[in-house]
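**Q** Handing you a structure now.
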Amino acid sequence: MARYARALSTLFFFLALCLSSLLFFLFGVAPLEGLIDLIRLGFLSSNGLIATIGEAVPLIIIAAGLSVPFTARVWNIGAQGQFVMGSILATWIGLELSNFLPPIIVVIFALLSAFLGGAAWIIPPILMRIYRGTNEIIATLMMNFVAVFLLYYLLRGPMEGAVGVSTHEPMSDLLPSTVMLPSLVHGANLGVGLIIALLVAFGLFLLLRYTRLGYELRIIGQSAEAARYAGISIERDVLLASILSGGIAGIAGMVEVYGATRVLLPQIFSDITTSYGYVGIPVALIASLNPMAIVLSAIFFSGIITGAYGMQLELGIPIDVVTSVYGIIMFLAPLGFYVSFARRKISKVRDR
Amino acid sequence: MSTPLVSMRNITKTFPGVLADDNVDLDLFPEEIHVIMGENGAGKTTLMNVLYGFYRADSGKISVEGKEVEIKSPVDAQSLGIGMVFQHFSVIEVFTVLENVAIGRRDSGLRLNLAKLEFEIEEAQREYGINVSLNRKVEELSTAEKQKAEILKVLFKGAKVLILDEPTSMLTPQETEALFKNLRSLKKQGRAVVLITHKLYEILELADRVTVLRKGRVVLNTVRENISPEILAEAAMGHSMTVQQYERKTIAEEGALTIKNLSVRGDRGEDAVSSVSFDVRRGEILGVAGIAGNGQRELVEALVGLRRIQTGNITLNGVDMTHKSVRDRIRLALRYVPEDRKRRGVALDLPLTYNAVLRDHWQAPFEHAHRLRFSSIREFAKRIIAEFKVVCSSETSSANELSGGNLQKFIVGRELLRDAEYIITENPTAGLDFGSAEYVRRILFEHRNAEKGILLVSGDLDELISMSDRIIVLYRGHVNGTVERKNFDKVSIGALMLGQGFDEAKTAV
Amino acid sequence: MILEFIASLTVIALTGMVPRAIPVIAASNGELVDQSAGVLNLGVEGMMLIGTVVGFFTDFYTGNLILAFLLAGLAGMCLSLLHAVAAVSLKADQVVSGTAIWFIGWGLSGVIYRALFGKILVPPTINSIPHLSLPILSSIPIIGPIIFGQDPVAYFIILTVVAVHYFLFHTQPGLNLRTVGEDPRTAEEMGVNPKRYRIYAIMFGGLMAGIGGAYLTIAITGTFYYDLTGGMGFIAVALISFGKWKPFRTFFGCLVFGAVFVVFLTIQNYYPSIPYQFFQMWPYLAILVILSGVSAKSGGPAALGKPYEKRD
């Protein structure tokens, strides 16, 4: 039965791709050609592949982190804000402390503070859910806006970098090159950053499948009644899962700054293609919340962006196609699963 | 003899694994109260659900006023003048009575003219002889008033045939009397009233005609003059009315689950359980009798750790358990087989392996240092399946692939194969086919003989009588009597369930 | 000094709050109908965005305001139909489906904009709606312009709030719809078709969200940019629980939100040295505070968010 559902999901997935390719029509490009170009530019060219995998790194981290609360049907829509907070704290640590401490220590502190920043950002909305029954979707989402505006404010204020003053672009100072994560390709996350991402994904995979917490989260996501019957402390597990997810999203922020951009920029967060906190949601859902599958799903989504950028340069197709594509995929692929679900009948227990 | 309002012929209805109705014939005449009786699972409700359009019969015909009809949904039934009042009312709690009657009206135009409707209903109320305040929200009404509202709604839609399914299960004796009066006057107005019940007392009071079902077949169909308790009992239960005999070993004396002065609040802040005290001794089955809704659910939840206790205490073999968590109680070997097996008992979409350790996954051998040990889990699941003969494709099949009976066997197995000193179970055989039900009962009995203490909450009085060593009766959250096995008598226990002795004591001040 | 400050802020808040609140009023009103039928549609943000872009380009190319609002509403409705299919026919998880609609709307709006306007750096502006100033009444100091000086579309949207209230609580279909939201099974038994009511409710929600989005771009900002709605769709959803699923109370909540927004917009000007983004975050924090004050566990339609499976 699960196999049937997966097959349908994949079918709908490709259906979604085809449908999105119709968007190419709007720009005077034949859909099939466009699709082929997209794949070529995203995955099959060397530049493309590098960009794709590098871009996928923060996406993997965030989406894998999301799989934890999502398993319990706790919808953390605030990964974007947690991502931002993590990057802010990590950058600040890097700028302030690298004069006094050896790089490796700075990096470790940055990692820790990023985790704390992201975790701290999710705690208020989750507490609201636990104690007031507030819808966490809206609560975590609101925090995103606060975070982004906070970022802009910091970049034009306390954290304004020297370069930014002259160009009127909001951005921080550059991090010293000593603390940047080593990478195969300069400026892309193809080294330590990638390793971190894979470790996170693998670690969370183990957590969800083999630990008690993972088990309990699955039960909570299935039925709160059954969870309570099982003696599970729903509040505790939800809080734990959320802190983990928030902190991990924060780490993604650190990895992005320390592995790729080297500077804190709002463009990282205002452009949909790099709004990993939002994109991470469909990435996680499409992969059925399995962190290992998320690695593939993230690379796929990332490849679409890279391909789309390539197409923008070559053919003039705007990047916003990407968000629509994400939406269409996210909409259709789970539907495949639901179609099979609708046909399935719960075993008949006739209480006469 | 007049012509029947409704005629059902050769109605057969099966569900997977169960033959609910087997070639049933039924005639409903106007100006009669027709009682359909039988044990739990005899097929009474199913038959009426077919008439009301919730189910489609596999075969058979239905005629209304002489014409053959097809009833595909309750809407069809209603347009034919058939109305049904269920045990669990289909009302919207947050609406007023008036609004509830107004739902789905076709011929009244766009505007919701509640004032006009109220006027029409007031008139109708006088005609029916029913009196309900129309402008109060249903959630504020007592159960009896809710029922009156339901009946009013059904009548107002033009019901000539009024079916009531176990209407007195939540009523006090006085309210029951009032209901009887209403039903009698309704019948005199020319309607056919159908009463589904298994209570002898009601039948004797009300019935003009009785149809007795047993295991889906009509075994008796007769009129008032020929009715007597003995005839009915024998028809309903057949010659296997013999109380199932289990071999009883003598009870150990030490150790008990002691409940003292327990008071528990319900979901709406009401007193669900008031100062209840009793013991469950080791090696005994203590039955808890009572009409559903008299505090059993809240009592069980408090015992198991799912509901907070206001006052009183619980001790298990001398250890105070009153404020302990669910898991602490599991550690003390208190096991629980819940009534709601699909929502509480298992996580339906997960495999049996996951469900096997639902209550114990945090303990060795299933867990070690926060990691689950799947080999142990799988083995345990396989053991449950083997020992309790659960029919499924494998231990990895999903819980929702199991039939009700097998699911229950699985849950019972899961609870009993672990350390179990005391077992609390609610309606363990509800909805089960005969074989699974017997199996579950037998297993429980074996545990009784192995000196475990069992608290058996059940709505099936025969089951309680056959299995229990003692029975306590819950009425309005109080213990209204404790009966020893030698004094087991259905009628007197039934009376206690209906509040005998309790209401009188309360009113005699 | 302080008193003057507060007084002037209050005046500013009162005068500015209505236009700011209108998009949210439209969106929340539409979603209110959805939720009263038991459907949770979180894609309001996406539907508003589609309405934004469609309204914008229609006004830009044709200058016909009525057409702009109409098409924007239709666009929102089309998007909402996806949710109808998923949530009602296929009984999918309403949260996931709604989120997907959000993404689709978000992306599609960007795509459409780029397709039509290319990569213009400075977004084009469009004509706003002329205000309707009722002759004598709007000269009443302070209150006059607020109540009587708005534009026709604003009045129309406010009228829909009244209409929705009347519909839900004083008509037969409204009662039927609320029944579907409480207990679809009972509704069906009483002859009400839950699927049909839910689909119509969803379509209405989409219509209103689209119109609200169009109002945002035409009447308030006069232009279009990425992420124009800034979470307003979600705020609209949040305000429904604040308003306990009653149209007038929700309307009031929207006005409060509008006022808060305007206040912070204005305070910025008093502190030019502080980057204005510092003030932009506060409305969102305010929403959070409002939400935490309301215990959301009480009051919603009983069947909200649950897909309806027919018996047997």
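Ordering of the structure tokens sets the chain letters (A, B, ...); residue numbers start at 1 within each chain; ligands are numbered from 1 in the order shown.
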Counting only C-alpha atoms, collect the residues of chain C whose closest atom lies at most 6 Å from chain A, and write them out as a PyMOL selection string.
**A** chain C and resi 92+100+103-104+107-108+110-111+275+277-278+281+284+295-297
**Q** Would you export the selected residues with N, CA and C atoms as a PDB file, in the first residue's frame, please?
**A**
```pdb
ATOM      1  N   ALA C  92      -7.513  15.800   1.286  1.00  0.00           N
ATOM      2  CA  ALA C  92      -6.110  15.945   1.665  1.00  0.00           C
ATOM      3  C   ALA C  92      -5.984  16.758   2.945  1.00  0.00           C
ATOM      4  N   ALA C 100       0.610  24.990   0.110  1.00  0.00           N
ATOM      5  CA  ALA C 100       0.994  24.882  -1.292  1.00  0.00           C
ATOM      6  C   ALA C 100       0.348  25.987  -2.114  1.00  0.00           C
ATOM      7  N   PHE C 103       2.347  29.059  -1.857  1.00  0.00           N
ATOM      8  CA  PHE C 103       3.520  29.058  -2.717  1.00  0.00           C
ATOM      9  C   PHE C 103       3.158  29.313  -4.173  1.00  0.00           C
ATOM     10  N   ILE C 104       2.107  28.645  -4.594  1.00  0.00           N
ATOM     11  CA  ILE C 104       1.722  28.805  -5.995  1.00  0.00           C
ATOM     12  C   ILE C 104       1.359  30.254  -6.269  1.00  0.00           C
ATOM     13  N   GLY C 107       4.511  32.529  -6.185  1.00  0.00           N
ATOM     14  CA  GLY C 107       5.336  32.418  -7.379  1.00  0.00           C
ATOM     15  C   GLY C 107       4.644  32.924  -8.631  1.00  0.00           C
ATOM     16  N   LEU C 108       3.398  32.515  -8.778  1.00  0.00           N
ATOM     17  CA  LEU C 108       2.684  32.907  -9.987  1.00  0.00           C
ATOM     18  C   LEU C 108       2.588  34.419 -10.096  1.00  0.00           C
ATOM     19  N   GLY C 110       4.663  36.614  -9.035  1.00  0.00           N
ATOM     20  CA  GLY C 110       5.941  37.116  -9.509  1.00  0.00           C
ATOM     21  C   GLY C 110       6.145  36.835 -10.994  1.00  0.00           C
ATOM     22  N   VAL C 111       5.779  35.629 -11.382  1.00  0.00           N
ATOM     23  CA  VAL C 111       5.942  35.255 -12.792  1.00  0.00           C
ATOM     24  C   VAL C 111       5.136  36.162 -13.694  1.00  0.00           C
ATOM     25  N   PRO C 275      16.652  53.471  11.615  1.00  0.00           N
ATOM     26  CA  PRO C 275      16.191  52.887  10.350  1.00  0.00           C
ATOM     27  C   PRO C 275      14.744  52.416  10.468  1.00  0.00           C
ATOM     28  N   GLN C 277      13.039  50.141   9.343  1.00  0.00           N
ATOM     29  CA  GLN C 277      12.684  48.731   9.506  1.00  0.00           C
ATOM     30  C   GLN C 277      12.463  48.360  10.965  1.00  0.00           C
ATOM     31  N   PHE C 278      13.078  49.092  11.831  1.00  0.00           N
ATOM     32  CA  PHE C 278      12.896  48.821  13.245  1.00  0.00           C
ATOM     33  C   PHE C 278      11.434  48.918  13.619  1.00  0.00           C
ATOM     34  N   MET C 281       8.760  45.962  12.272  1.00  0.00           N
ATOM     35  CA  MET C 281       8.560  44.658  12.888  1.00  0.00           C
ATOM     36  C   MET C 281       7.440  44.653  13.910  1.00  0.00           C
ATOM     37  N   TYR C 284       3.909  42.970  13.594  1.00  0.00           N
ATOM     38  CA  TYR C 284       3.917  41.516  13.681  1.00  0.00           C
ATOM     39  C   TYR C 284       4.021  41.050  15.117  1.00  0.00           C
ATOM     40  N   SER C 295      -7.111  32.601  23.956  1.00  0.00           N
ATOM     41  CA  SER C 295      -6.906  31.166  24.042  1.00  0.00           C
ATOM     42  C   SER C 295      -7.633  30.528  22.879  1.00  0.00           C
ATOM     43  N   ALA C 296      -6.864  30.069  21.937  1.00  0.00           N
ATOM     44  CA  ALA C 296      -7.474  29.649  20.677  1.00  0.00           C
ATOM     45  C   ALA C 296      -8.191  28.321  20.760  1.00  0.00           C
ATOM     46  N   LYS C 297      -8.175  27.737  21.922  1.00  0.00           N
ATOM     47  CA  LYS C 297      -8.791  26.418  21.975  1.00  0.00           C
ATOM     48  C   LYS C 297     -10.301  26.502  21.975  1.00  0.00           C
TER      49      LYS C 297
END
```
**Q** Which residues of chain B come within 6 Å of chain C, and what is each one's closest atom pair and distance in Å (one decimal), counting only C-alpha atoms, sorted by chain and residue number, as JSON lines?
**A**
```
{"residue": "B:Pro74", "atom": "CA", "partner": "C:Glu189", "partner_atom": "CA", "distance": 5.7}
{"residue": "B:Val75", "atom": "CA", "partner": "C:Gly191", "partner_atom": "CA", "distance": 5.6}
{"residue": "B:Ser90", "atom": "CA", "partner": "C:Thr186", "partner_atom": "CA", "distance": 5.4}
{"residue": "B:Ile103", "atom": "CA", "partner": "C:Asn176", "partner_atom": "CA", "distance": 5.7}
{"residue": "B:Gly104", "atom": "CA", "partner": "C:Met190", "partner_atom": "CA", "distance": 5.5}
{"residue": "B:Leu110", "atom": "CA", "partner": "C:Gln172", "partner_atom": "CA", "distance": 5.6}
{"residue": "B:Arg111", "atom": "CA", "partner": "C:Thr171", "partner_atom": "CA", "distance": 4.4}
{"residue": "B:Leu112", "atom": "CA", "partner": "C:Thr171", "partner_atom": "CA", "distance": 4.2}
```
**Q** With N, CA and C atoms retained, export the selected residues as a PDB file, in the first residue's frame.
**A**
```pdb
ATOM      1  N   PRO B  74     -30.741   8.954   4.445  1.00  0.00           N
ATOM      2  CA  PRO B  74     -31.715   9.431   5.430  1.00  0.00           C
ATOM      3  C   PRO B  74     -32.692  10.447   4.845  1.00  0.00           C
ATOM      4  N   VAL B  75     -32.237  11.203   3.864  1.00  0.00           N
ATOM      5  CA  VAL B  75     -33.144  12.191   3.280  1.00  0.00           C
ATOM      6  C   VAL B  75     -34.336  11.499   2.622  1.00  0.00           C
ATOM      7  N   SER B  90     -28.016  13.508  16.839  1.00  0.00           N
ATOM      8  CA  SER B  90     -27.411  14.288  15.773  1.00  0.00           C
ATOM      9  C   SER B  90     -27.940  15.702  15.873  1.00  0.00           C
ATOM     10  N   ILE B 103     -32.375  23.406  10.326  1.00  0.00           N
ATOM     11  CA  ILE B 103     -31.314  23.019   9.401  1.00  0.00           C
ATOM     12  C   ILE B 103     -31.891  22.327   8.181  1.00  0.00           C
ATOM     13  N   GLY B 104     -31.443  22.723   7.025  1.00  0.00           N
ATOM     14  CA  GLY B 104     -31.766  21.974   5.824  1.00  0.00           C
ATOM     15  C   GLY B 104     -33.176  22.125   5.310  1.00  0.00           C
ATOM     16  N   LEU B 110     -35.250  31.959   1.326  1.00  0.00           N
ATOM     17  CA  LEU B 110     -33.867  32.305   1.630  1.00  0.00           C
ATOM     18  C   LEU B 110     -33.711  32.813   3.049  1.00  0.00           C
ATOM     19  N   ARG B 111     -34.641  33.629   3.431  1.00  0.00           N
ATOM     20  CA  ARG B 111     -34.496  34.267   4.721  1.00  0.00           C
ATOM     21  C   ARG B 111     -34.802  33.278   5.823  1.00  0.00           C
ATOM     22  N   LEU B 112     -34.033  33.376   6.887  1.00  0.00           N
ATOM     23  CA  LEU B 112     -34.237  32.465   7.999  1.00  0.00           C
ATOM     24  C   LEU B 112     -35.210  33.114   8.949  1.00  0.00           C
TER      25      LEU B 112
END
```
**Q** Just the number, please: distance in Å from atom CA of B:Leu455 to atom CA of B:Ile424, one decimal.
**A**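 Atom-to-atom, atom CA of B:Leu455 to atom CA of B:Ile424, that is 4.7 Å.
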**Q** Contacts from chain B to chain A, 7 Å maximum, only C-alpha atoms: show me the residue list as a PDB file with N, CA and C atoms, in the first residue's frame.
**A**
```pdb
ATOM      1  N   GLY B  41     -25.795  -6.863  19.544  1.00  0.00           N
ATOM      2  CA  GLY B  41     -25.295  -7.543  18.361  1.00  0.00           C
ATOM      3  C   GLY B  41     -26.320  -8.429  17.686  1.00  0.00           C
ATOM      4  N   THR B  45     -30.187  -2.587  15.609  1.00  0.00           N
ATOM      5  CA  THR B  45     -29.836  -1.267  15.106  1.00  0.00           C
ATOM      6  C   THR B  45     -29.537  -1.300  13.621  1.00  0.00           C
ATOM      7  N   THR B  46     -28.898  -2.369  13.197  1.00  0.00           N
ATOM      8  CA  THR B  46     -28.601  -2.480  11.771  1.00  0.00           C
ATOM      9  C   THR B  46     -29.874  -2.460  10.949  1.00  0.00           C
ATOM     10  N   VAL B 326       1.154   8.298  33.813  1.00  0.00           N
ATOM     11  CA  VAL B 326       0.746   7.087  33.103  1.00  0.00           C
ATOM     12  C   VAL B 326       1.856   6.057  33.151  1.00  0.00           C
ATOM     13  N   ARG B 327       3.069   6.496  32.924  1.00  0.00           N
ATOM     14  CA  ARG B 327       4.176   5.536  32.863  1.00  0.00           C
ATOM     15  C   ARG B 327       4.503   4.946  34.223  1.00  0.00           C
ATOM     16  N   ARG B 343      -8.801   5.062  18.189  1.00  0.00           N
ATOM     17  CA  ARG B 343      -8.161   6.366  18.362  1.00  0.00           C
ATOM     18  C   ARG B 343      -7.187   6.386  19.517  1.00  0.00           C
ATOM     19  N   ARG B 344      -7.529   5.610  20.545  1.00  0.00           N
ATOM     20  CA  ARG B 344      -6.657   5.626  21.710  1.00  0.00           C
ATOM     21  C   ARG B 344      -5.777   4.379  21.764  1.00  0.00           C
ATOM     22  N   GLY B 345      -6.347   3.268  21.381  1.00  0.00           N
ATOM     23  CA  GLY B 345      -5.640   2.008  21.578  1.00  0.00           C
ATOM     24  C   GLY B 345      -4.456   1.810  20.656  1.00  0.00           C
ATOM     25  N   VAL B 346      -4.549   2.353  19.462  1.00  0.00           N
ATOM     26  CA  VAL B 346      -3.449   2.182  18.517  1.00  0.00           C
ATOM     27  C   VAL B 346      -3.271   3.475  17.727  1.00  0.00           C
ATOM     28  N   ALA B 347      -2.118   3.544  17.045  1.00  0.00           N
ATOM     29  CA  ALA B 347      -1.919   4.578  16.037  1.00  0.00           C
ATOM     30  C   ALA B 347      -2.199   3.887  14.716  1.00  0.00           C
ATOM     31  N   LEU B 358       3.490   0.466  21.997  1.00  0.00           N
ATOM     32  CA  LEU B 358       2.933   1.795  22.235  1.00  0.00           C
ATOM     33  C   LEU B 358       3.048   2.199  23.698  1.00  0.00           C
ATOM     34  N   ARG B 359       2.784   1.255  24.585  1.00  0.00           N
ATOM     35  CA  ARG B 359       2.790   1.605  26.001  1.00  0.00           C
ATOM     36  C   ARG B 359       4.110   1.310  26.680  1.00  0.00           C
ATOM     37  N   TRP B 362       9.335   2.818  26.073  1.00  0.00           N
ATOM     38  CA  TRP B 362      10.350   3.536  26.835  1.00  0.00           C
ATOM     39  C   TRP B 362      11.032   2.640  27.841  1.00  0.00           C
ATOM     40  N   HIS B 370      17.896   5.647  25.040  1.00  0.00           N
ATOM     41  CA  HIS B 370      17.127   6.458  24.100  1.00  0.00           C
ATOM     42  C   HIS B 370      17.058   5.893  22.687  1.00  0.00           C
ATOM     43  N   ARG B 371      17.624   4.754  22.480  1.00  0.00           N
ATOM     44  CA  ARG B 371      17.516   4.143  21.147  1.00  0.00           C
ATOM     45  C   ARG B 371      16.565   2.967  21.210  1.00  0.00           C
ATOM     46  N   LEU B 372      15.779   2.819  20.175  1.00  0.00           N
ATOM     47  CA  LEU B 372      14.862   1.696  20.145  1.00  0.00           C
ATOM     48  C   LEU B 372      15.589   0.450  19.663  1.00  0.00           C
ATOM     49  N   ASN B 400      -4.471  -0.468  10.637  1.00  0.00           N
ATOM     50  CA  ASN B 400      -5.807  -0.316  10.091  1.00  0.00           C
ATOM     51  C   ASN B 400      -6.186  -1.415   9.108  1.00  0.00           C
ATOM     52  N   GLU B 401      -5.279  -2.355   8.861  1.00  0.00           N
ATOM     53  CA  GLU B 401      -5.652  -3.464   8.008  1.00  0.00           C
ATOM     54  C   GLU B 401      -6.349  -4.560   8.789  1.00  0.00           C
ATOM     55  N   LEU B 402      -6.308  -4.450  10.096  1.00  0.00           N
ATOM     56  CA  LEU B 402      -6.899  -5.506  10.907  1.00  0.00           C
ATOM     57  C   LEU B 402      -8.393  -5.289  11.094  1.00  0.00           C
ATOM     58  N   SER B 403      -9.100  -6.408  11.222  1.00  0.00           N
ATOM     59  CA  SER B 403     -10.517  -6.285  11.540  1.00  0.00           C
ATOM     60  C   SER B 403     -10.643  -5.912  13.011  1.00  0.00           C
ATOM     61  N   GLY B 404     -11.833  -5.503  13.389  1.00  0.00           N
ATOM     62  CA  GLY B 404     -12.051  -5.059  14.761  1.00  0.00           C
ATOM     63  C   GLY B 404     -11.668  -6.106  15.779  1.00  0.00           C
ATOM     64  N   ALA B 430     -16.947  -5.144  22.815  1.00  0.00           N
ATOM     65  CA  ALA B 430     -17.921  -4.372  22.031  1.00  0.00           C
ATOM     66  C   ALA B 430     -17.625  -4.491  20.550  1.00  0.00           C
ATOM     67  N   GLY B 431     -18.638  -4.784  19.783  1.00  0.00           N
ATOM     68  CA  GLY B 431     -18.456  -4.811  18.343  1.00  0.00           C
ATOM     69  C   GLY B 431     -17.661  -5.991  17.826  1.00  0.00           C
TER      70      GLY B 431
END
```
**Q** If we count only C-alpha atoms and set the cut-off at 8 Å, which residues sit around B:Asp27, ignoring sequence neighbours fewer than 4 positions away in its own chain? Please answer as a PyMOL selection string.
**A** chain B and resi 4-8
**Q** Have a look at atom CA of B:Ile309 and atom CA of B:Asp328 and let me know their distance in Å, one decimal.
**A**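 A separation of 15.8 Å between them.
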**Q** Report as a PyMOL selection string all protein, DNA and RNA residues lying within 10 Å of C:Gly105, evaluated on only C-alpha atoms, omitting residues in the same chain fewer than 4 positions from it.
**A** (chain A and resi 323-324+327-328) or (chain C and resi 43-51+53+75-76+79-80+99-101+109-111)
**Q** With C-alpha atoms kept, could you save the residues just selected as a compact mmCIF listing (two decimals), in the first residue's frame?
**A**
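Produced file part_23.txt, reproduced below:
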```
# COMPACT_ATOMS: atom_id res chain seq x y z
CA THR A 323 8.42 29.65 -6.81
CA SER A 324 5.48 28.67 -8.92
CA GLY A 327 4.19 25.46 -5.36
CA ILE A 328 2.91 23.27 -8.11
CA GLY C 43 -3.46 29.87 1.15
CA VAL C 44 -5.06 33.25 1.65
CA GLU C 45 -1.69 34.89 1.26
CA GLY C 46 -1.23 33.33 -2.14
CA MET C 47 -4.72 34.23 -3.27
CA MET C 48 -4.19 37.81 -2.18
CA LEU C 49 -0.94 37.96 -4.09
CA ILE C 50 -2.58 36.74 -7.26
CA GLY C 51 -5.26 39.33 -6.78
CA VAL C 53 -0.81 41.24 -9.57
CA ALA C 75 -8.02 34.97 -10.13
CA GLY C 76 -8.21 34.42 -6.40
CA LEU C 79 -6.56 29.50 -7.16
CA SER C 80 -8.89 28.62 -4.35
CA THR C 99 0.56 26.10 2.24
CA ALA C 100 0.99 24.88 -1.29
CA ILE C 101 -1.57 27.37 -2.55
CA SER C 109 2.25 36.53 -9.03
CA GLY C 110 5.94 37.12 -9.51
CA VAL C 111 5.94 35.25 -12.79
```
**Q** With a distance cut-off of 12 Å and only C-alpha atoms, select the neighbouring residues of C:Val256, excluding the residue or stretch itself and same-chain residues fewer than 5 positions from it, and output the selection as a list in words.
**A**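 Returned residues: Thr10, Ala13, Leu14, Gly16, Met17, Val18, Arg20, Ala21, Ile22, Val24, Ile25, Ile235, Ala236, Leu239, Phe242, Gly243, Arg249, Thr250, Phe251, Phe261, Val262, Val263, Pro283, Ala286, Ile287 and Ile290 of chain C.
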**Q** Just the selected residues (N, CA and C atoms), exported as a short mmCIF file (atom, residue, chain, number, x, y, z; two decimals), in the first residue's frame, please.
**A**
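Listed below is the output, out_27.cif:
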```cif
data_model
loop_
_atom_site.label_atom_id
_atom_site.label_comp_id
_atom_site.auth_asym_id
_atom_site.auth_seq_id
_atom_site.Cartn_x
_atom_site.Cartn_y
_atom_site.Cartn_z
N THR C 10 -3.37 59.12 17.93
CA THR C 10 -4.70 58.51 17.86
C THR C 10 -5.44 58.98 16.63
N ALA C 13 -4.01 57.39 13.67
CA ALA C 13 -4.40 55.99 13.63
C ALA C 13 -5.82 55.85 13.10
N LEU C 14 -6.69 56.67 13.64
CA LEU C 14 -8.09 56.53 13.25
C LEU C 14 -8.30 56.87 11.78
N GLY C 16 -6.09 56.74 9.37
CA GLY C 16 -5.38 55.87 8.44
C GLY C 16 -5.77 54.42 8.50
N MET C 17 -6.49 54.06 9.56
CA MET C 17 -6.63 52.61 9.77
C MET C 17 -7.56 51.94 8.77
N VAL C 18 -8.57 52.66 8.32
CA VAL C 18 -9.53 51.98 7.46
C VAL C 18 -8.91 51.50 6.14
N ARG C 20 -5.89 50.87 5.41
CA ARG C 20 -4.91 49.82 5.69
C ARG C 20 -5.58 48.52 6.04
N ALA C 21 -6.73 48.64 6.67
CA ALA C 21 -7.39 47.43 7.14
C ALA C 21 -8.21 46.75 6.07
N ILE C 22 -8.57 47.50 5.04
CA ILE C 22 -9.51 46.94 4.05
C ILE C 22 -9.03 45.61 3.44
N VAL C 24 -7.19 43.35 4.64
CA VAL C 24 -7.30 42.30 5.65
C VAL C 24 -8.76 41.99 5.93
N ILE C 25 -9.58 43.04 5.92
CA ILE C 25 -11.01 42.83 6.14
C ILE C 25 -11.57 41.93 5.06
N ILE C 235 -2.28 37.05 8.68
CA ILE C 235 -2.83 37.90 9.74
C ILE C 235 -4.35 37.86 9.70
N ALA C 236 -4.87 37.84 8.46
CA ALA C 236 -6.32 37.76 8.33
C ALA C 236 -6.85 36.50 9.00
N LEU C 239 -6.81 36.82 12.71
CA LEU C 239 -7.82 37.71 13.27
C LEU C 239 -9.18 37.05 13.37
N PHE C 242 -9.32 35.58 16.63
CA PHE C 242 -9.45 36.69 17.57
C PHE C 242 -10.90 37.16 17.62
N GLY C 243 -11.53 37.19 16.46
CA GLY C 243 -12.90 37.65 16.38
C GLY C 243 -13.92 36.57 16.67
N ARG C 249 -16.91 41.16 14.85
CA ARG C 249 -15.77 41.17 15.76
C ARG C 249 -14.46 41.07 15.01
N THR C 250 -14.47 40.24 13.98
CA THR C 250 -13.27 40.12 13.16
C THR C 250 -12.97 41.45 12.49
N PHE C 251 -14.03 42.09 12.01
CA PHE C 251 -13.88 43.40 11.38
C PHE C 251 -13.21 44.36 12.35
N PHE C 261 -0.77 49.29 12.54
CA PHE C 261 0.11 49.43 11.39
C PHE C 261 0.40 50.88 11.09
N VAL C 262 -0.67 51.66 11.04
CA VAL C 262 -0.50 53.07 10.71
C VAL C 262 0.32 53.79 11.77
N VAL C 263 0.06 53.45 13.03
CA VAL C 263 0.80 54.09 14.11
C VAL C 263 2.29 53.90 13.92
N PRO C 283 4.22 45.67 14.11
CA PRO C 283 2.88 45.12 13.87
C PRO C 283 2.85 43.60 14.02
N ALA C 286 2.90 42.73 17.48
CA ALA C 286 1.59 43.03 18.05
C ALA C 286 0.62 41.89 17.80
N ILE C 287 0.66 41.37 16.60
CA ILE C 287 -0.21 40.23 16.29
C ILE C 287 0.08 39.08 17.23
N ILE C 290 -1.45 39.76 20.50
CA ILE C 290 -2.90 39.56 20.43
C ILE C 290 -3.22 38.07 20.45
#
```
**Q** Just how far from atom CA of B:Gln174 is atom CA of B:Ala235, in Å to one decimal?
**A**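 We find that atom CA of B:Ala235 and atom CA of B:Gln174 lie 29.3 Å from each other.
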**Q** As a ChimeraX atom specification, please: every residue in stretch 218-252 of chain C that a backbone DSSP assignment puts in helix (DSSP H, G or I).
**A** /C:218-221,232-242,247-252
**Q** A:Leu240, A:Leu199, A:Val107, A:Val295: which is nearest A:Thr178, counting only C-alpha atoms?
**A**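 Among the listed residues, the smallest separation from A:Thr178 belongs to A:Val107.
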